[in-house]
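Source file input.csv; content: CSV, C-alpha atoms.
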```csv
chain,number,residue,atom,x,y,z
I,166,MET,CA,-41.9,22.1,-17.9
I,167,THR,CA,-40.7,25.7,-18.3
I,168,SER,CA,-40.8,28.0,-15.3
I,169,HIS,CA,-41.9,31.4,-16.5
I,170,SER,CA,-40.9,33.1,-13.2
I,171,THR,CA,-37.4,31.5,-12.7
I,172,PHE,CA,-34.6,33.1,-14.6
I,173,ALA,CA,-31.0,31.9,-15.0
I,174,ILE,CA,-28.7,35.0,-15.2
I,175,LEU,CA,-25.5,34.1,-17.0
I,176,LEU,CA,-22.6,35.9,-15.5
I,177,GLY,CA,-18.9,36.0,-16.4
I,178,GLY,CA,-17.5,34.0,-13.5
I,179,ALA,CA,-16.2,30.4,-13.5
I,180,LEU,CA,-18.6,27.5,-14.1
I,181,GLU,CA,-18.2,23.8,-13.7
I,182,ILE,CA,-21.4,22.1,-14.8
I,183,ASP,CA,-22.7,19.3,-12.6
I,184,ASP,CA,-26.0,17.7,-11.9
I,185,ARG,CA,-26.9,20.4,-9.4
I,186,VAL,CA,-26.3,23.2,-11.9
I,187,LEU,CA,-28.3,21.3,-14.5
I,188,ALA,CA,-31.2,20.9,-12.1
I,189,LEU,CA,-31.1,24.6,-11.2
I,190,THR,CA,-31.3,25.5,-14.9
I,191,GLU,CA,-33.7,22.9,-16.2
I,192,GLY,CA,-36.7,24.5,-17.9
I,193,VAL,CA,-35.9,28.1,-16.8
I,194,ARG,CA,-35.9,31.3,-18.8
I,195,SER,CA,-32.5,33.0,-19.1
I,196,ILE,CA,-30.7,36.2,-19.8
I,197,ALA,CA,-27.0,36.6,-20.5
I,198,ALA,CA,-24.8,39.4,-19.2
I,199,ASP,CA,-22.0,40.2,-21.6
I,200,GLY,CA,-19.4,37.5,-21.5
I,201,GLY,CA,-21.7,35.3,-19.4
I,202,MET,CA,-23.1,34.2,-22.8
I,203,ALA,CA,-20.1,31.8,-23.0
I,204,HIS,CA,-22.0,29.5,-20.6
I,205,ALA,CA,-25.1,29.2,-22.7
I,206,GLN,CA,-24.0,26.5,-25.1
I,207,ALA,CA,-22.5,24.3,-22.4
I,208,LEU,CA,-25.8,24.5,-20.4
I,209,GLY,CA,-27.9,23.9,-23.5
I,210,ILE,CA,-30.0,27.0,-23.0
I,211,LEU,CA,-30.8,29.9,-25.3
I,212,PRO,CA,-31.1,33.3,-23.5
I,213,GLU,CA,-34.0,35.4,-24.6
I,214,VAL,CA,-31.9,38.6,-24.5
I,215,TRP,CA,-28.2,39.4,-24.2
I,216,VAL,CA,-27.5,42.5,-22.1
I,217,GLY,CA,-24.4,44.6,-21.6
I,218,ASP,CA,-21.7,46.8,-23.1
I,219,PHE,CA,-20.0,43.7,-24.7
I,220,ASP,CA,-16.6,44.7,-23.7
I,221,SER,CA,-15.8,41.3,-22.2
I,222,THR,CA,-17.4,39.2,-25.0
I,223,PRO,CA,-15.0,36.5,-26.2
I,224,ALA,CA,-14.0,36.5,-29.8
I,225,GLY,CA,-16.4,34.5,-32.0
I,226,LEU,CA,-19.2,34.5,-29.4
I,227,SER,CA,-21.1,37.3,-31.1
I,228,GLU,CA,-21.2,35.5,-34.4
I,229,PHE,CA,-22.3,32.2,-32.8
I,230,HIS,CA,-25.2,34.0,-31.0
I,231,ALA,CA,-26.0,36.5,-33.7
I,232,ALA,CA,-29.7,35.6,-33.6
I,233,THR,CA,-30.1,36.4,-29.9
I,234,PRO,CA,-31.7,39.8,-29.3
I,235,ARG,CA,-29.3,42.3,-27.8
I,236,MET,CA,-29.8,45.1,-25.3
I,237,PRO,CA,-26.7,47.2,-25.6
I,238,PHE,CA,-25.5,49.7,-23.0
I,239,PRO,CA,-22.6,52.2,-23.1
I,240,ALA,CA,-19.4,51.2,-21.2
I,241,GLU,CA,-19.7,54.3,-19.1
I,242,LYS,CA,-22.7,53.5,-17.0
I,243,ASN,CA,-23.7,53.3,-13.3
I,244,PHE,CA,-24.6,49.6,-13.2
I,245,THR,CA,-22.7,46.3,-13.9
I,246,ASP,CA,-23.9,44.2,-16.8
I,247,GLY,CA,-25.0,41.6,-14.3
I,248,GLU,CA,-27.2,44.0,-12.5
I,249,LEU,CA,-28.8,45.2,-15.7
I,250,ALA,CA,-29.5,41.6,-16.7
I,251,ILE,CA,-31.1,40.9,-13.3
I,252,GLU,CA,-33.3,44.0,-13.5
I,253,GLN,CA,-34.4,42.8,-17.0
I,254,ALA,CA,-35.4,39.5,-15.5
I,255,ILE,CA,-37.4,41.2,-12.8
I,256,GLU,CA,-39.2,43.3,-15.3
I,257,ARG,CA,-40.1,40.1,-17.2
I,258,GLY,CA,-41.7,38.6,-14.1
I,259,ALA,CA,-38.9,36.9,-12.3
I,260,THR,CA,-39.5,35.7,-8.7
I,261,ARG,CA,-36.6,33.3,-8.6
I,262,LEU,CA,-33.1,34.0,-9.8
I,263,VAL,CA,-30.3,31.5,-10.4
I,264,LEU,CA,-27.0,33.5,-10.8
I,265,ILE,CA,-24.8,31.3,-12.9
I,266,GLY,CA,-21.0,32.0,-12.9
I,267,ALA,CA,-21.4,34.3,-9.8
I,268,PHE,CA,-18.1,33.3,-8.2
I,269,GLY,CA,-14.5,33.8,-9.3
I,270,GLY,CA,-13.7,35.2,-12.7
I,271,PRO,CA,-11.1,38.0,-13.5
I,272,ARG,CA,-12.8,40.6,-11.3
I,273,THR,CA,-13.0,40.2,-7.5
I,274,ASP,CA,-15.1,43.4,-7.3
I,275,HIS,CA,-17.7,42.0,-9.7
I,276,ALA,CA,-17.9,38.7,-7.8
I,277,LEU,CA,-18.3,40.5,-4.4
I,278,SER,CA,-20.9,42.7,-5.9
I,279,HIS,CA,-22.9,39.6,-6.9
I,280,LEU,CA,-22.8,38.2,-3.4
I,281,LEU,CA,-23.9,41.5,-1.9
I,282,GLN,CA,-26.6,42.1,-4.5
I,283,ALA,CA,-28.0,38.6,-3.8
I,284,VAL,CA,-28.8,39.7,-0.2
I,285,THR,CA,-30.5,42.9,-1.3
I,286,LEU,CA,-32.5,41.0,-3.9
I,287,ALA,CA,-33.7,38.6,-1.2
I,288,GLU,CA,-34.8,41.7,0.9
I,289,ARG,CA,-36.9,42.6,-2.2
I,290,GLY,CA,-38.7,39.3,-1.9
I,291,LEU,CA,-36.9,37.3,-4.6
I,292,ASP,CA,-35.6,33.8,-4.2
I,293,VAL,CA,-31.9,33.8,-5.1
I,294,VAL,CA,-29.3,31.1,-5.5
I,295,LEU,CA,-25.7,31.6,-6.8
I,296,THR,CA,-23.6,28.9,-8.3
I,297,SER,CA,-20.3,28.1,-10.0
I,298,GLY,CA,-20.8,24.4,-9.9
I,299,VAL,CA,-18.1,24.2,-7.2
I,300,GLU,CA,-19.7,26.6,-4.8
I,301,GLU,CA,-23.3,27.6,-4.1
I,302,ALA,CA,-24.8,30.4,-2.0
I,303,VAL,CA,-28.2,31.5,-0.8
I,304,PRO,CA,-29.0,34.6,1.3
I,305,LEU,CA,-30.0,34.2,4.9
I,306,LEU,CA,-32.3,36.9,6.3
I,307,PRO,CA,-34.4,36.8,9.5
I,308,GLY,CA,-36.5,33.7,9.4
I,309,SER,CA,-35.7,30.1,8.5
I,310,ARG,CA,-34.6,28.2,5.4
I,311,ASP,CA,-33.6,24.7,4.4
I,312,LEU,CA,-30.8,23.6,2.2
I,313,ASP,CA,-30.4,20.1,0.7
I,314,LEU,CA,-26.7,19.4,0.8
I,315,PRO,CA,-24.7,16.2,0.5
I,316,ALA,CA,-23.8,14.8,3.9
I,317,GLY,CA,-20.3,15.6,4.7
I,318,SER,CA,-20.0,18.7,2.5
I,319,LEU,CA,-18.6,22.0,3.7
I,320,PHE,CA,-20.6,25.1,4.2
I,321,SER,CA,-20.0,28.5,5.9
I,322,VAL,CA,-22.2,31.3,7.0
I,323,ILE,CA,-20.8,34.6,5.9
I,324,ALA,CA,-22.2,37.6,7.9
I,325,PHE,CA,-22.6,40.9,6.3
I,326,THR,CA,-23.7,42.4,9.6
I,327,ALA,CA,-23.7,41.3,13.2
I,328,LEU,CA,-26.1,38.4,13.5
I,329,ALA,CA,-28.5,37.8,16.3
I,330,GLY,CA,-30.1,34.4,17.1
I,331,LEU,CA,-28.4,32.3,14.5
I,332,SER,CA,-29.4,28.6,14.7
I,333,LEU,CA,-28.1,25.7,12.6
I,334,SER,CA,-29.4,22.2,12.7
I,335,GLY,CA,-28.4,19.3,10.5
I,336,ALA,CA,-24.7,20.4,10.9
I,337,LYS,CA,-21.7,18.9,12.5
I,338,TYR,CA,-21.3,22.0,14.6
I,339,PRO,CA,-24.9,23.1,15.4
I,340,LEU,CA,-25.8,26.5,16.8
I,341,ASP,CA,-28.7,27.5,19.0
I,342,GLU,CA,-29.6,31.2,18.8
I,343,ALA,CA,-26.0,32.3,18.7
I,344,ASP,CA,-25.0,35.9,18.4
I,345,ILE,CA,-22.2,36.3,15.8
I,346,ALA,CA,-20.1,39.5,15.6
I,347,PHE,CA,-19.5,41.0,12.2
I,348,GLY,CA,-16.2,39.7,10.8
I,349,ALA,CA,-16.1,36.7,13.2
I,350,SER,CA,-14.8,33.4,11.8
I,351,ARG,CA,-16.9,31.1,14.1
I,352,THR,CA,-19.3,30.2,11.3
I,353,ILE,CA,-16.6,29.2,8.7
I,354,SER,CA,-16.0,25.6,7.6
I,355,ASN,CA,-19.0,23.8,9.1
I,356,VAL,CA,-20.1,20.4,7.8
I,357,ALA,CA,-23.6,19.5,6.6
I,358,GLU,CA,-25.1,16.2,7.7
I,359,GLY,CA,-27.7,16.3,4.9
I,360,ARG,CA,-30.6,18.6,5.0
I,361,LEU,CA,-29.5,21.8,6.7
I,362,THR,CA,-31.8,24.2,8.5
I,363,ALA,CA,-30.7,27.7,9.3
I,364,SER,CA,-32.6,30.4,11.1
I,365,LEU,CA,-31.9,33.9,12.1
I,366,VAL,CA,-33.5,36.5,14.3
I,367,SER,CA,-31.8,39.6,12.8
I,368,GLY,CA,-29.0,40.4,10.5
I,369,ARG,CA,-27.9,39.6,6.9
I,370,ALA,CA,-25.8,36.7,5.8
I,371,LEU,CA,-25.0,34.3,3.0
I,372,ILE,CA,-24.7,30.5,3.3
I,373,ILE,CA,-21.9,29.4,1.0
I,374,ALA,CA,-21.7,25.7,0.4
I,375,ARG,CA,-19.2,23.4,-1.4
I,376,PRO,CA,-21.4,20.4,-2.3
I,377,HIS,CA,-18.4,18.4,-3.6
I,378,ASP,CA,-15.9,19.2,-0.9
I,379,PHE,CA,-15.8,16.6,1.9
I,380,SER,CA,-12.5,17.7,3.4
I,381,GLY,CA,-14.2,18.5,6.7
I,382,ALA,CA,-15.9,15.2,7.2
```
Step by step, read the file and then write its structure as structure tokens.
Amino acid sequence: MTSHSTFAILLGGALEIDDRVLALTEGVRSIAADGGMAHAQALGILPEVWVGDFDSTPAGLSEFHAATPRMPFPAEKNFTDGELAIEQAIERGATRLVLIGAFGGPRTDHALSHLLQAVTLAERGLDVVLTSGVEEAVPLLPGSRDLDLPAGSLFSVIAFTALAGLSLSGAKYPLDEADIAFGASRTISNVAEGRLTASLVSGRALIIARPHDFSGA
């Protein structure tokens, strides 16, 4: 069944397709951002629009997806192609965003922008998940959220501000209303014991997980 309010945003970072990626993209609508269109065929999805300045589109990709409607923008602009694609999804009714290829790639600045933007999108009320197939991330804002991770897999909580009242259950190293200074490494390389519950009193963070990495078990 197609979800009309969940959009996969195809970005230009690395992607290794696994069952978790396929589950995240099954039945969703999609929008490609410039070179992120390279992921469409491998995922078996057809974006409803292709956004960007097309300066990072691989040779031959334009011809292969010639029938896909395009929304071109000039190279000299105030937004990344990824942000433009996300805003298009929101205009089309998105309430949940799956950012595909959000990690890695040739541009560290773009990858970092995706991580930061995920948090601001969550503050706007959108449900956001980022994935490369190797790594996944979800924003953590005040409140509580659950993550279904394989037992023994690595995860970290990356703080973008000082955190107050961080609690973790279902983890090898649980926390109970801990205060975490901005830049502290205390929340790096924890291990999930299955379903993970994280809650926060105040602050902004991302939970970054490596579902296939059991090196910490």
(request) Tell me, as a PyMOL selection string, which residues lie within 7 Å of region 361-375 of chain I, counting all atoms listed in the file; anything in the same chain fewer than 4 positions away does not count. (result) chain I and resi 299-314+318-336+357
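Of note, CA of Gly247 (chain I) and CA of Pro376 (chain I) are spaced 24.6 Å apart.
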(request) Would you mind listing what lies within 12 Å of Ser278 (chain I) as an MDAnalysis selection string, with only C-alpha atoms counted and same-chain residues fewer than 4 positions away left out? (result) chainID I and resid 176 244:248 267:269 272:274 282:286
(message) I'd like the interatomic distance between CA of Ile210 (chain I) and CA of Leu291 (chain I), to a tenth of an Å.
(response) 22.2 Å
(request) Can you work out which one of I:Ala188, I:Ala203, I:Ala343, I:Leu262 has the shortest atom-to-atom distance to Val294 (chain I), counting all atoms listed in the file? (result)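 Nearest candidate to Val294 (chain I) out of I:Ala188, I:Ala203, I:Ala343, I:Leu262: I:Leu262.
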(message) Give me the residues near Ile182 (chain I) as a list in words, where near means some atom within 12 Å (using only C-alpha atoms) and where sequence neighbours in that chain fewer than 6 positions away do not count.
(response) Ala188, Leu189, Thr190, His204, Ala205, Gln206, Ala207, Leu208, Gly209, Ile265, Gly266, Thr296, Ser297, Gly298, Val299 and Glu300 of chain I
